[in-house]
Amino acid sequence: MVAEPGAQVVLASNRGPVSYALGGDGALSARRGGGGLVSGLSAIGPEAGAVWVCAALGDGDRAAARRYGTRLAAADTGGQAVRMLDIDPEVFEAAYNGIANSTLWFLHHMLYDIPREPVFDAAFRERWAAYGTYNAAFADALAQEAAPGAAVIVQDYHLALVPGMLRERRPDLRIGHFSHTPWAPPEYFRLLPDDIAGQLLRGMLGADRLGFLTARWAQGFARCCQEVLGAMESKDHSTALAVHPLGADGDFLRERARRPDVGERMAALRTEIGGAERKVIVRVDRTELSKNIVRGLHAYRRLLELRPEWRGRVVHLAFAYPSRQDLAVYRDYTAEVSRLAQEINSAYGTPDWQPVLLHLEDDFARSLAAYRIADVALVNPVRDGMNLVAKEVPVLSDEGCALVLSREAGAAAELSEDALMVNPYDVEATARALHEALTMPPGERAERTKRLAAAATALPPQAWFTAQLEGLTGAQ
Ligand code: G6P
C-alpha cells in the first residue's frame, strides 16, 4: 500500500531516469536513461516531492522493480521517488515495440515506406490490445499514487490512452499530457484504422491540458481532432492546448563539460582528427531513422565531391548511439550508417586523413567534448519534436559553431534566424550549407552562436516543467 496522503505531483513516462543491468552474479547496476524526455524531466530534482512512475524496460529493470517494490533505491535515482512498473514482458514488448515505436512513432515522424506499410491486420489488433493493457497498468499506478486533487503529468506517445483512463478512475485529478514528438498531420494520422484513431485522440482528450513542443505540433493535433472526431471536445470537461518549447539545461551542461573526463575526451578526439587546422563537422544522435543520418553522410560525401579543397582539411565526427535495436529496421539502419561511413572513408581517405570518424558506443562525456570543439554541427532530421542537440551545441561551443539545421526540427521555430536552414531531403542543398558553414567568418560564427545559445536556453528544463505544472493547476 502507498502511504496516505499520496503525492501532489505525479509524473508518468515509459522510460524512467535510470535503467538497470543485471550482472552474472545477480548484482544490479544502475545507469542514467537517455533521450530528450529523460534529460528534461531529470532536471526537476527530488526536492519537488514528485513521484515518477515508469516502466521496467528489460530484465535488469524487472529484477529491480521486483526487488524494490513501489520505490526504487534512492541512491540509484539521485533521491527522486521512482516507481518502476513490472509489466508482463509480452504485453510490454507488443506495446512498446509493436505500437509505440513501430506505429505511433512512425506516424508522427511520417517514416512509413508507404507502398509497403503500414498494414493493419489481426496481429496489429492484438498489439493494440496490449497497448491498452500497458496504458491501463500506468493509469492504475497513477490512480494509487496521486493525492486527492493532485496534478498528474503524463509524457509522450507511449501513454496516449492514460489521460482518458485516469480520468475514469480519478475524476478529481488535474491531468496533463506532454508530447515530445511531432504530431502527424491529419492526412497521415488517418492511415490508422478509424476506430483506433478515435480512441487515441479521445484518450489524449481525457487530459485537462495537452502540451506540445511547438505550435506546429499542437495545430497538428487540433486538426486531427477536427477531422476524425469533428471537434476537439469531450462531454464533461474541456482540454487546453499549450506550447512549451523545452530548452537546453545551460547551467548543468556548462558545469558538466568542464569536468576532467570531458577534457580527456577532447584531447583524444583531437588526436583522432589529426592536423591541428582541420575543421570538424559534428553530429550526435541516437541511431534513429528520423535523424536522417544516412542523408547527412550523403551530403558530406557530396561536399567532398563539390569542394575538393576540403579534402584533408575537414573531418566529420558522427556519433550514432544505439537505439531501439529490437526493431530490425533500426538494426538495418545502423548497418547502413556504418557501411556508408566506410564507403566514404575508402573513396576519399588518405594515409593521414580519415574523412568520417563514426562512433557507435554511447559516451556522454565524449558527446560534450565534440560539442566544445565543433566548427559545424549538422542536425538534419526528417522530422523531430524538438532536437536538443541543436540547442546544446551552441551552449557548449568553445570558439563558436555554425549550425546546419533541418527546417523540420521543432528547434527550427526558435533557432532559424541564426542557423543555416535546410530541407532535410535535399542532399545537394545540405552539402552547400555545410560549405557555407565551414567558410563562415569566425566573428559572425561567434555572434550567431551567442544568439543561438540564448534562444536555446530560454526555457530550461526546470522552467519547462514548472510551466506545465502551473498551467495545469491554474497558478500564474
Ligand atoms: C524520444 C522520445 C522519448 C524516448 C527517447 C528515447 O526522445 O520522445 O520518449 O524516451 O526518444 O527512446 P527510447 O525508446 O530509448 O526510450
# chains A, B, ... in the order shown; residues from 1 in each chain; ligands from 1

call {"tool": "residues_around", "arguments": {"residues": "segment 13-17 of chain A", "least_positions_apart": "5", "cutoff": "9 Å", "atoms": "only C-alpha atoms", "output": "number ranges by chain"}}
result
A: 31-34, 37-39, 41-42, 52-57, 77, 80, 82-84, 96, 138, 153-156, 158-159

call {"tool": "write_last_selection", "arguments": {"atoms": "C-alpha atoms", "output": "mmCIF file, in the first residue's frame"}}
result
data_model
loop_
_atom_site.group_PDB
_atom_site.id
_atom_site.type_symbol
_atom_site.label_atom_id
_atom_site.label_comp_id
_atom_site.auth_asym_id
_atom_site.auth_seq_id
_atom_site.Cartn_x
_atom_site.Cartn_y
_atom_site.Cartn_z
ATOM 1 C CA ARG A 31 22.588 3.810 -15.346
ATOM 2 C CA ARG A 32 21.039 7.141 -16.386
ATOM 3 C CA GLY A 33 18.266 6.898 -19.021
ATOM 4 C CA GLY A 34 18.771 8.610 -22.421
ATOM 5 C CA LEU A 37 12.419 13.319 -22.357
ATOM 6 C CA VAL A 38 14.617 11.966 -19.587
ATOM 7 C CA SER A 39 17.027 14.925 -19.778
ATOM 8 C CA LEU A 41 12.399 15.547 -16.555
ATOM 9 C CA SER A 42 15.611 14.736 -14.690
ATOM 10 C CA TRP A 52 7.811 9.379 -11.101
ATOM 11 C CA VAL A 53 6.106 6.277 -12.485
ATOM 12 C CA CYS A 54 7.900 4.473 -15.332
ATOM 13 C CA ALA A 55 8.035 1.050 -16.932
ATOM 14 C CA ALA A 56 10.609 -1.691 -16.467
ATOM 15 C CA LEU A 57 12.179 -1.860 -19.934
ATOM 16 C CA THR A 77 17.721 7.748 -8.649
ATOM 17 C CA GLN A 80 13.914 11.021 -6.807
ATOM 18 C CA VAL A 82 10.554 6.426 -8.665
ATOM 19 C CA ARG A 83 8.053 3.591 -9.063
ATOM 20 C CA MET A 84 9.002 1.193 -11.840
ATOM 21 C CA TYR A 96 6.490 -0.547 -26.731
ATOM 22 C CA PHE A 138 0.027 3.094 -15.715
ATOM 23 C CA ILE A 153 1.717 14.858 -15.870
ATOM 24 C CA VAL A 154 1.892 12.080 -18.434
ATOM 25 C CA GLN A 155 4.637 12.066 -21.053
ATOM 26 C CA ASP A 156 4.677 11.042 -24.677
ATOM 27 C CA HIS A 158 3.627 5.566 -25.263
ATOM 28 C CA LEU A 159 0.950 6.728 -22.861
#

call {"tool": "select_by_dssp", "arguments": {"residues": "segment 186-403 of chain A", "states": "alpha helix (DSSP H)", "output": "ChimeraX atom specification"}}
result
/A:186-189,194-204,215-224,250-256,260-273,293-306,328-348,364-373,389-396

call {"tool": "select_by_dssp", "arguments": {"residues": "segment 72-117 of chain A", "states": "strand (DSSP E or B)", "output": "PyMOL selection string"}}
result
chain A and resi 81-85

call {"tool": "residues_around", "arguments": {"residues": "Gly250 of chain A", "least_positions_apart": "4", "cutoff": "10 Å", "atoms": "only C-alpha atoms", "output": "ChimeraX atom specification"}}
result
/A:254-256,391-392,394-396,453-454,456-461

call {"tool": "atom_distance", "arguments": {"atom1": "atom CA of Ala318 of chain A", "atom2": "atom CA of Val356 of chain A"}}
result
7.1 Å

call {"tool": "residues_around", "arguments": {"residues": "Val315 of chain A", "least_positions_apart": "3", "cutoff": "9 Å", "atoms": "only C-alpha atoms", "output": "list in words"}}
result
Ile273, Arg278, Lys279, Val280, Ile281, Val282, Arg311, Gly312, Trp353, Gln354, Pro355, Val356 and Leu357 of chain A

call {"tool": "residues_around", "arguments": {"residues": "Glu126 of chain A", "least_positions_apart": "2", "cutoff": "12 Å", "atoms": "only C-alpha atoms", "output": "MDAnalysis selection string"}}
result
chainID A and resid 90:91 93:95 98:99 120:124 128:133

call {"tool": "decode", "arguments": {"residues": "segment 102-128 of chain A", "atoms": "N, CA, C and O atoms", "output": "PDB file, in the first residue's frame"}}
result
ATOM      1  N   SER A 102       6.744   1.258 -33.408  1.00  0.00           N
ATOM      2  CA  SER A 102       6.579   0.877 -34.819  1.00  0.00           C
ATOM      3  C   SER A 102       5.350   1.513 -35.454  1.00  0.00           C
ATOM      4  O   SER A 102       5.242   1.521 -36.674  1.00  0.00           O
ATOM      5  N   THR A 103       4.424   1.992 -34.651  1.00  0.00           N
ATOM      6  CA  THR A 103       3.233   2.599 -35.242  1.00  0.00           C
ATOM      7  C   THR A 103       3.165   4.094 -34.920  1.00  0.00           C
ATOM      8  O   THR A 103       3.222   4.929 -35.820  1.00  0.00           O
ATOM      9  N   LEU A 104       3.088   4.442 -33.647  1.00  0.00           N
ATOM     10  CA  LEU A 104       2.863   5.857 -33.316  1.00  0.00           C
ATOM     11  C   LEU A 104       4.078   6.715 -33.661  1.00  0.00           C
ATOM     12  O   LEU A 104       3.931   7.817 -34.210  1.00  0.00           O
ATOM     13  N   TRP A 105       5.266   6.202 -33.359  1.00  0.00           N
ATOM     14  CA  TRP A 105       6.486   6.962 -33.708  1.00  0.00           C
ATOM     15  C   TRP A 105       6.559   7.155 -35.228  1.00  0.00           C
ATOM     16  O   TRP A 105       6.874   8.242 -35.722  1.00  0.00           O
ATOM     17  N   PHE A 106       6.240   6.101 -35.970  1.00  0.00           N
ATOM     18  CA  PHE A 106       6.290   6.171 -37.435  1.00  0.00           C
ATOM     19  C   PHE A 106       5.255   7.151 -37.978  1.00  0.00           C
ATOM     20  O   PHE A 106       5.510   7.872 -38.944  1.00  0.00           O
ATOM     21  N   LEU A 107       4.090   7.167 -37.366  1.00  0.00           N
ATOM     22  CA  LEU A 107       3.051   8.109 -37.812  1.00  0.00           C
ATOM     23  C   LEU A 107       3.486   9.543 -37.576  1.00  0.00           C
ATOM     24  O   LEU A 107       3.455  10.378 -38.485  1.00  0.00           O
ATOM     25  N   HIS A 108       3.868   9.833 -36.339  1.00  0.00           N
ATOM     26  CA  HIS A 108       4.166  11.236 -36.006  1.00  0.00           C
ATOM     27  C   HIS A 108       5.407  11.751 -36.738  1.00  0.00           C
ATOM     28  O   HIS A 108       5.514  12.936 -37.015  1.00  0.00           O
ATOM     29  N   HIS A 109       6.335  10.833 -37.043  1.00  0.00           N
ATOM     30  CA  HIS A 109       7.533  11.261 -37.784  1.00  0.00           C
ATOM     31  C   HIS A 109       7.416  10.985 -39.280  1.00  0.00           C
ATOM     32  O   HIS A 109       8.362  11.225 -40.023  1.00  0.00           O
ATOM     33  N   MET A 110       6.285  10.448 -39.693  1.00  0.00           N
ATOM     34  CA  MET A 110       5.999  10.171 -41.104  1.00  0.00           C
ATOM     35  C   MET A 110       7.103   9.308 -41.735  1.00  0.00           C
ATOM     36  O   MET A 110       7.700   9.674 -42.755  1.00  0.00           O
ATOM     37  N   LEU A 111       7.357   8.154 -41.106  1.00  0.00           N
ATOM     38  CA  LEU A 111       8.501   7.327 -41.520  1.00  0.00           C
ATOM     39  C   LEU A 111       8.140   6.139 -42.388  1.00  0.00           C
ATOM     40  O   LEU A 111       9.022   5.380 -42.801  1.00  0.00           O
ATOM     41  N   TYR A 112       6.848   5.935 -42.637  1.00  0.00           N
ATOM     42  CA  TYR A 112       6.469   4.713 -43.361  1.00  0.00           C
ATOM     43  C   TYR A 112       6.959   4.709 -44.803  1.00  0.00           C
ATOM     44  O   TYR A 112       6.990   5.739 -45.476  1.00  0.00           O
ATOM     45  N   ASP A 113       7.290   3.506 -45.248  1.00  0.00           N
ATOM     46  CA  ASP A 113       7.598   3.254 -46.648  1.00  0.00           C
ATOM     47  C   ASP A 113       6.234   2.901 -47.265  1.00  0.00           C
ATOM     48  O   ASP A 113       5.830   1.749 -47.314  1.00  0.00           O
ATOM     49  N   ILE A 114       5.520   3.929 -47.672  1.00  0.00           N
ATOM     50  CA  ILE A 114       4.075   3.835 -47.935  1.00  0.00           C
ATOM     51  C   ILE A 114       3.611   2.699 -48.886  1.00  0.00           C
ATOM     52  O   ILE A 114       2.589   2.091 -48.629  1.00  0.00           O
ATOM     53  N   PRO A 115       4.335   2.383 -49.937  1.00  0.00           N
ATOM     54  CA  PRO A 115       3.831   1.288 -50.791  1.00  0.00           C
ATOM     55  C   PRO A 115       3.730  -0.051 -50.041  1.00  0.00           C
ATOM     56  O   PRO A 115       2.986  -0.931 -50.441  1.00  0.00           O
ATOM     57  N   ARG A 116       4.481  -0.211 -48.967  1.00  0.00           N
ATOM     58  CA  ARG A 116       4.509  -1.496 -48.255  1.00  0.00           C
ATOM     59  C   ARG A 116       3.882  -1.462 -46.878  1.00  0.00           C
ATOM     60  O   ARG A 116       3.447  -2.479 -46.359  1.00  0.00           O
ATOM     61  N   GLU A 117       3.859  -0.356 -46.250  1.00  0.00           N
ATOM     62  CA  GLU A 117       3.397  -0.281 -44.869  1.00  0.00           C
ATOM     63  C   GLU A 117       2.741   1.070 -44.605  1.00  0.00           C
ATOM     64  O   GLU A 117       2.974   1.991 -45.386  1.00  0.00           O
ATOM     65  N   PRO A 118       1.896   1.149 -43.594  1.00  0.00           N
ATOM     66  CA  PRO A 118       1.557   0.144 -42.585  1.00  0.00           C
ATOM     67  C   PRO A 118       0.513  -0.845 -43.087  1.00  0.00           C
ATOM     68  O   PRO A 118      -0.197  -0.566 -44.046  1.00  0.00           O
ATOM     69  N   VAL A 119       0.459  -1.995 -42.405  1.00  0.00           N
ATOM     70  CA  VAL A 119      -0.581  -2.992 -42.673  1.00  0.00           C
ATOM     71  C   VAL A 119      -1.297  -3.243 -41.350  1.00  0.00           C
ATOM     72  O   VAL A 119      -0.667  -3.701 -40.398  1.00  0.00           O
ATOM     73  N   PHE A 120      -2.560  -2.892 -41.288  1.00  0.00           N
ATOM     74  CA  PHE A 120      -3.277  -3.045 -40.025  1.00  0.00           C
ATOM     75  C   PHE A 120      -4.129  -4.304 -40.080  1.00  0.00           C
ATOM     76  O   PHE A 120      -5.263  -4.284 -40.549  1.00  0.00           O
ATOM     77  N   ASP A 121      -3.543  -5.398 -39.608  1.00  0.00           N
ATOM     78  CA  ASP A 121      -4.180  -6.712 -39.696  1.00  0.00           C
ATOM     79  C   ASP A 121      -4.571  -7.210 -38.302  1.00  0.00           C
ATOM     80  O   ASP A 121      -4.542  -6.445 -37.332  1.00  0.00           O
ATOM     81  N   ALA A 122      -4.890  -8.508 -38.225  1.00  0.00           N
ATOM     82  CA  ALA A 122      -5.334  -9.066 -36.939  1.00  0.00           C
ATOM     83  C   ALA A 122      -4.215  -9.000 -35.901  1.00  0.00           C
ATOM     84  O   ALA A 122      -4.456  -8.726 -34.721  1.00  0.00           O
ATOM     85  N   ALA A 123      -2.962  -9.246 -36.339  1.00  0.00           N
ATOM     86  CA  ALA A 123      -1.843  -9.197 -35.394  1.00  0.00           C
ATOM     87  C   ALA A 123      -1.697  -7.785 -34.824  1.00  0.00           C
ATOM     88  O   ALA A 123      -1.386  -7.591 -33.640  1.00  0.00           O
ATOM     89  N   PHE A 124      -1.935  -6.788 -35.685  1.00  0.00           N
ATOM     90  CA  PHE A 124      -1.883  -5.412 -35.198  1.00  0.00           C
ATOM     91  C   PHE A 124      -2.929  -5.192 -34.104  1.00  0.00           C
ATOM     92  O   PHE A 124      -2.666  -4.539 -33.091  1.00  0.00           O
ATOM     93  N   ARG A 125      -4.117  -5.744 -34.315  1.00  0.00           N
ATOM     94  CA  ARG A 125      -5.188  -5.573 -33.314  1.00  0.00           C
ATOM     95  C   ARG A 125      -4.769  -6.168 -31.962  1.00  0.00           C
ATOM     96  O   ARG A 125      -5.089  -5.636 -30.916  1.00  0.00           O
ATOM     97  N   GLU A 126      -4.027  -7.280 -32.023  1.00  0.00           N
ATOM     98  CA  GLU A 126      -3.557  -7.872 -30.750  1.00  0.00           C
ATOM     99  C   GLU A 126      -2.560  -6.950 -30.056  1.00  0.00           C
ATOM    100  O   GLU A 126      -2.593  -6.770 -28.846  1.00  0.00           O
ATOM    101  N   ARG A 127      -1.694  -6.369 -30.861  1.00  0.00           N
ATOM    102  CA  ARG A 127      -0.714  -5.448 -30.268  1.00  0.00           C
ATOM    103  C   ARG A 127      -1.423  -4.230 -29.691  1.00  0.00           C
ATOM    104  O   ARG A 127      -1.056  -3.703 -28.644  1.00  0.00           O
ATOM    105  N   TRP A 128      -2.446  -3.790 -30.397  1.00  0.00           N
ATOM    106  CA  TRP A 128      -3.190  -2.631 -29.928  1.00  0.00           C
ATOM    107  C   TRP A 128      -3.847  -2.932 -28.569  1.00  0.00           C
ATOM    108  O   TRP A 128      -3.864  -2.103 -27.665  1.00  0.00           O
TER     109      TRP A 128
END
